[in-house]
Amino acid sequence: MNALDYFNARLEATISPMDYLRAEQTAPEQYFLIDVRNGPNHVRSLTIKGANIIPQQELAKRLHEIPKDKEIVVYCWDVWCNTAAKVATFLLERGYKVRELTGGIAAWREMNFPVTDTSSDIVQIDSCGC
Amino acid sequence: MNALDYFNARLEATISPMDYLRAEQTAPEQYFLIDVRNGPNHVRSLTIKGANIIPQQELAKRLHEIPKDKEIVVYCWDVWCNTAAKVATFLLERGYKVRELTGGIAAWREMNFPVTDTSSDIVQIDSCGC
Amino acid sequence: MNALDYFNARLEATISPMDYLRAEQTAPEQYFLIDVRNGPNHVRSLTIKGANIIPQQELAKRLHEIPKDKEIVVYCWDVWCNTAAKVATFLLERGYKVRELTGGIAAWREMNFPVTDTSSDIVQIDSCGC
């Protein structure tokens, strides 16, 4: 495998926040976005707008909720999180068309792209004015 | 493909900020650094010192500006940006020798490596003293 | 190589902070964690708790310290650092079982996972209260 193979595979396997936002705005009916983060609800109450919440741990039993005719986009916490990659592998092996949203919720928030707060009493983490 | 193939491909396809800084200081004439970010000028006025500014959208028509005998290094915004990977693919397919600078401008700034501000009225984003 | 190959290779080659913390707590005797960062001691005095400090530059002559019967986990600074990937390649070529801890010390600290401060007079970098 050379550098070109590497880039082609990475580009086939992932989609950047900018590219997903544009793609979703252009043809929202073609995409099915999944927040696959595990962990207690209150730490993941802030989600990408429009995301379907299917934690990795519930994936196998909720597989019927995922459409086979759409492009599945999965995300977790950050670039160093492997949960989305695990879900992508699981779904690709079952014939779904899947890409990972690079950077997860962290990159999405840093871009100030639209999010949904599913909790009314969430504590803001970034409150120092940066 | 196993783990070793993965690391070899990644190391062939990318160069870290530290490694690029050292390489460029040792043999500046061997490298041609390109800032491939798209978007309005004012949001990308801070660039890596010495970078050639060729936004991805202008690449095809400005291909003649890129030397075939140098090692091309491309960068965009951050680790989750795919623009540099797209440009790398485009150039590799045309026989250029290319690597992606990992982490883009974000990693470079976090390392406090030398940058150029092409705008005199740029608004500083990180102004909280962190 | 397709997207599935890419994810499988990445998952075989890397381990996330969350997964490593859990794995290490479950079976600490199975893992051998190495901090492979180069550079002056004072800038890398904060290390992951339990890590063996073997800078990449000393690796070849200290190879005998690394057990062949454990799973080796290597880390460096951040997602954009390639030092851990270089060490992983070096060790994989010699028959070791190796994975890279994604995000390095930066991701580990952001997760507030346990660290050791080997210097009593370390200057805190993140002191703005963010």
# chains A, B, ... in the order shown; residues from 1 in each chain; ligands from 1
>>> interface_residues(of="chain C", to="chain B", cutoff="12 Å", atoms="only C-alpha atoms", output="PyMOL selection string")
chain C and resi 1-15+37-39+76-100+103+106+124-130
>>> select_by_dssp(residues="chain C", states="helix (DSSP H, G or I)", output="ChimeraX atom specification")
/C:3-13,17-26,28-30,41-44,56-58,60-65,83-93,104-110
>>> calpha_fit_and_write(fixed="chain C", moving="chain A", output="mmCIF file with C-alpha atoms, in the first residue's frame")
data_model
loop_
_atom_site.group_PDB
_atom_site.id
_atom_site.type_symbol
_atom_site.label_atom_id
_atom_site.label_comp_id
_atom_site.auth_asym_id
_atom_site.auth_seq_id
_atom_site.Cartn_x
_atom_site.Cartn_y
_atom_site.Cartn_z
ATOM 1 C CA MET A 1 -8.034 -1.181 -0.253
ATOM 2 C CA ASN A 2 -11.577 -0.162 0.605
ATOM 3 C CA ALA A 3 -13.146 1.614 3.578
ATOM 4 C CA LEU A 4 -13.548 -1.625 5.536
ATOM 5 C CA ASP A 5 -9.859 -2.498 5.127
ATOM 6 C CA TYR A 6 -8.986 1.006 6.285
ATOM 7 C CA PHE A 7 -11.050 0.785 9.465
ATOM 8 C CA ASN A 8 -9.851 -2.723 10.261
ATOM 9 C CA ALA A 9 -6.220 -1.679 9.864
ATOM 10 C CA ARG A 10 -6.723 1.455 11.961
ATOM 11 C CA LEU A 11 -8.463 -0.508 14.722
ATOM 12 C CA GLU A 12 -5.712 -3.131 14.690
ATOM 13 C CA ALA A 13 -2.994 -0.453 14.802
ATOM 14 C CA THR A 14 -4.453 1.886 17.422
ATOM 15 C CA ILE A 15 -6.215 1.924 20.760
ATOM 16 C CA SER A 16 -8.248 4.853 22.101
ATOM 17 C CA PRO A 17 -7.616 6.398 25.540
ATOM 18 C CA MET A 18 -10.942 5.024 26.818
ATOM 19 C CA ASP A 19 -10.239 1.507 25.575
ATOM 20 C CA TYR A 20 -6.688 1.473 26.908
ATOM 21 C CA LEU A 21 -7.746 2.709 30.346
ATOM 22 C CA ARG A 22 -10.363 -0.041 30.572
ATOM 23 C CA ALA A 23 -8.054 -2.741 29.225
ATOM 24 C CA GLU A 24 -5.230 -1.765 31.542
ATOM 25 C CA GLN A 25 -7.507 -1.702 34.577
ATOM 26 C CA THR A 26 -8.875 -5.141 33.708
ATOM 27 C CA ALA A 27 -5.562 -6.861 32.993
ATOM 28 C CA PRO A 28 -2.619 -4.600 33.866
ATOM 29 C CA GLU A 29 -0.101 -7.421 33.524
ATOM 30 C CA GLN A 30 -0.896 -7.799 29.814
ATOM 31 C CA TYR A 31 0.217 -4.303 28.795
ATOM 32 C CA PHE A 32 3.511 -2.438 28.560
ATOM 33 C CA LEU A 33 2.966 1.268 27.968
ATOM 34 C CA ILE A 34 5.815 3.351 26.538
ATOM 35 C CA ASP A 35 6.159 7.130 26.394
ATOM 36 C CA VAL A 36 8.345 7.518 23.309
ATOM 37 C CA ARG A 37 8.543 11.320 23.186
ATOM 38 C CA ASN A 38 11.875 12.927 22.472
ATOM 39 C CA GLY A 39 12.900 16.398 23.615
ATOM 40 C CA PRO A 40 14.113 17.914 26.885
ATOM 41 C CA ASN A 41 12.921 16.249 30.084
ATOM 42 C CA HIS A 42 11.152 19.291 31.506
ATOM 43 C CA VAL A 43 8.664 19.563 28.618
ATOM 44 C CA ARG A 44 7.621 15.953 29.009
ATOM 45 C CA SER A 45 7.635 15.539 32.789
ATOM 46 C CA LEU A 46 3.898 14.894 32.787
ATOM 47 C CA THR A 47 3.404 11.292 31.681
ATOM 48 C CA ILE A 48 0.621 8.733 31.649
ATOM 49 C CA LYS A 49 0.483 6.910 34.957
ATOM 50 C CA GLY A 50 2.421 3.663 34.718
ATOM 51 C CA ALA A 51 4.210 4.530 31.483
ATOM 52 C CA ASN A 52 7.752 3.361 30.821
ATOM 53 C CA ILE A 53 9.856 6.275 29.584
ATOM 54 C CA ILE A 54 11.834 5.199 26.526
ATOM 55 C CA PRO A 55 12.352 8.125 24.114
ATOM 56 C CA GLN A 56 12.388 7.099 20.469
ATOM 57 C CA GLN A 57 16.020 8.163 20.167
ATOM 58 C CA GLU A 58 17.045 5.638 22.855
ATOM 59 C CA LEU A 59 14.851 2.811 21.601
ATOM 60 C CA ALA A 60 17.418 0.770 19.649
ATOM 61 C CA LYS A 61 19.839 0.531 22.552
ATOM 62 C CA ARG A 62 17.096 -0.093 25.147
ATOM 63 C CA LEU A 63 15.189 -2.705 23.167
ATOM 64 C CA HIS A 64 15.961 -5.363 25.794
ATOM 65 C CA GLU A 65 13.711 -3.492 28.250
ATOM 66 C CA ILE A 66 10.636 -4.204 26.143
ATOM 67 C CA PRO A 67 8.905 -7.526 26.824
ATOM 68 C CA LYS A 68 7.966 -9.689 23.845
ATOM 69 C CA ASP A 69 5.112 -11.392 25.656
ATOM 70 C CA LYS A 70 3.067 -8.281 26.416
ATOM 71 C CA GLU A 71 0.978 -5.980 24.291
ATOM 72 C CA ILE A 72 3.068 -2.868 23.729
ATOM 73 C CA VAL A 73 1.199 0.455 23.660
ATOM 74 C CA VAL A 74 3.141 3.529 22.516
ATOM 75 C CA TYR A 75 2.268 7.198 22.638
ATOM 76 C CA CYS A 76 3.742 10.592 21.895
ATOM 77 C CA TRP A 77 2.331 14.154 21.972
ATOM 78 C CA ASP A 78 -0.888 14.381 20.022
ATOM 79 C CA VAL A 79 -2.792 13.052 17.019
ATOM 80 C CA TRP A 80 -0.453 14.899 14.660
ATOM 81 C CA CYS A 81 2.729 13.444 16.154
ATOM 82 C CA ASN A 82 4.332 10.652 14.121
ATOM 83 C CA THR A 83 6.921 9.504 16.671
ATOM 84 C CA ALA A 84 4.709 6.773 18.119
ATOM 85 C CA ALA A 85 3.904 5.521 14.603
ATOM 86 C CA LYS A 86 7.626 5.319 13.827
ATOM 87 C CA VAL A 87 8.298 3.347 17.006
ATOM 88 C CA ALA A 88 5.327 1.086 16.308
ATOM 89 C CA THR A 89 6.732 0.343 12.847
ATOM 90 C CA PHE A 90 10.184 -0.375 14.292
ATOM 91 C CA LEU A 91 8.766 -2.780 16.885
ATOM 92 C CA LEU A 92 6.258 -4.501 14.589
ATOM 93 C CA GLU A 93 9.097 -5.253 12.166
ATOM 94 C CA ARG A 94 10.879 -6.992 15.051
ATOM 95 C CA GLY A 95 7.925 -9.184 15.997
ATOM 96 C CA TYR A 96 6.478 -7.187 18.873
ATOM 97 C CA LYS A 97 2.737 -6.813 19.304
ATOM 98 C CA VAL A 98 2.176 -3.048 19.222
ATOM 99 C CA ARG A 99 -0.581 -0.472 19.153
ATOM 100 C CA GLU A 100 -0.517 3.308 19.181
ATOM 101 C CA LEU A 101 -2.487 5.157 21.828
ATOM 102 C CA THR A 102 -4.444 7.643 19.727
ATOM 103 C CA GLY A 103 -4.120 11.272 20.651
ATOM 104 C CA GLY A 104 -1.081 10.727 22.858
ATOM 105 C CA ILE A 105 -0.655 12.647 26.073
ATOM 106 C CA ALA A 106 -2.873 15.497 24.793
ATOM 107 C CA ALA A 107 -5.978 13.318 24.455
ATOM 108 C CA TRP A 108 -5.195 11.536 27.719
ATOM 109 C CA ARG A 109 -5.032 14.835 29.604
ATOM 110 C CA GLU A 110 -8.182 16.140 27.954
ATOM 111 C CA MET A 111 -9.977 13.054 29.275
ATOM 112 C CA ASN A 112 -8.590 13.775 32.756
ATOM 113 C CA PHE A 113 -7.166 10.272 32.918
ATOM 114 C CA PRO A 114 -4.439 9.553 35.517
ATOM 115 C CA VAL A 115 -1.005 11.067 34.943
ATOM 116 C CA THR A 116 2.276 11.210 36.824
ATOM 117 C CA ASP A 117 4.271 14.377 37.259
ATOM 118 C CA THR A 118 7.940 13.440 37.412
ATOM 119 C CA SER A 119 8.985 16.998 38.101
ATOM 120 C CA SER A 120 8.180 18.926 41.248
ATOM 121 C CA ASP A 121 8.743 22.284 39.645
ATOM 122 C CA ILE A 122 6.711 21.805 36.504
ATOM 123 C CA VAL A 123 4.979 24.895 35.193
ATOM 124 C CA GLN A 124 1.311 24.270 34.473
ATOM 125 C CA ILE A 125 0.433 25.197 30.914
ATOM 126 C CA ASP A 126 -3.335 25.140 31.271
ATOM 127 C CA SER A 127 -3.804 27.639 34.030
ATOM 128 C CA CYS A 128 -6.571 29.840 32.708
ATOM 129 C CA GLY A 129 -9.394 27.911 34.312
ATOM 130 C CA CYS A 130 -10.756 26.435 31.079
#
>>> select_by_dssp(residues="range 10-77 of chain A", states="strand (DSSP E)", output="PyMOL selection string")
chain A and resi 14-15+31-35+46-48+52-53+71-75
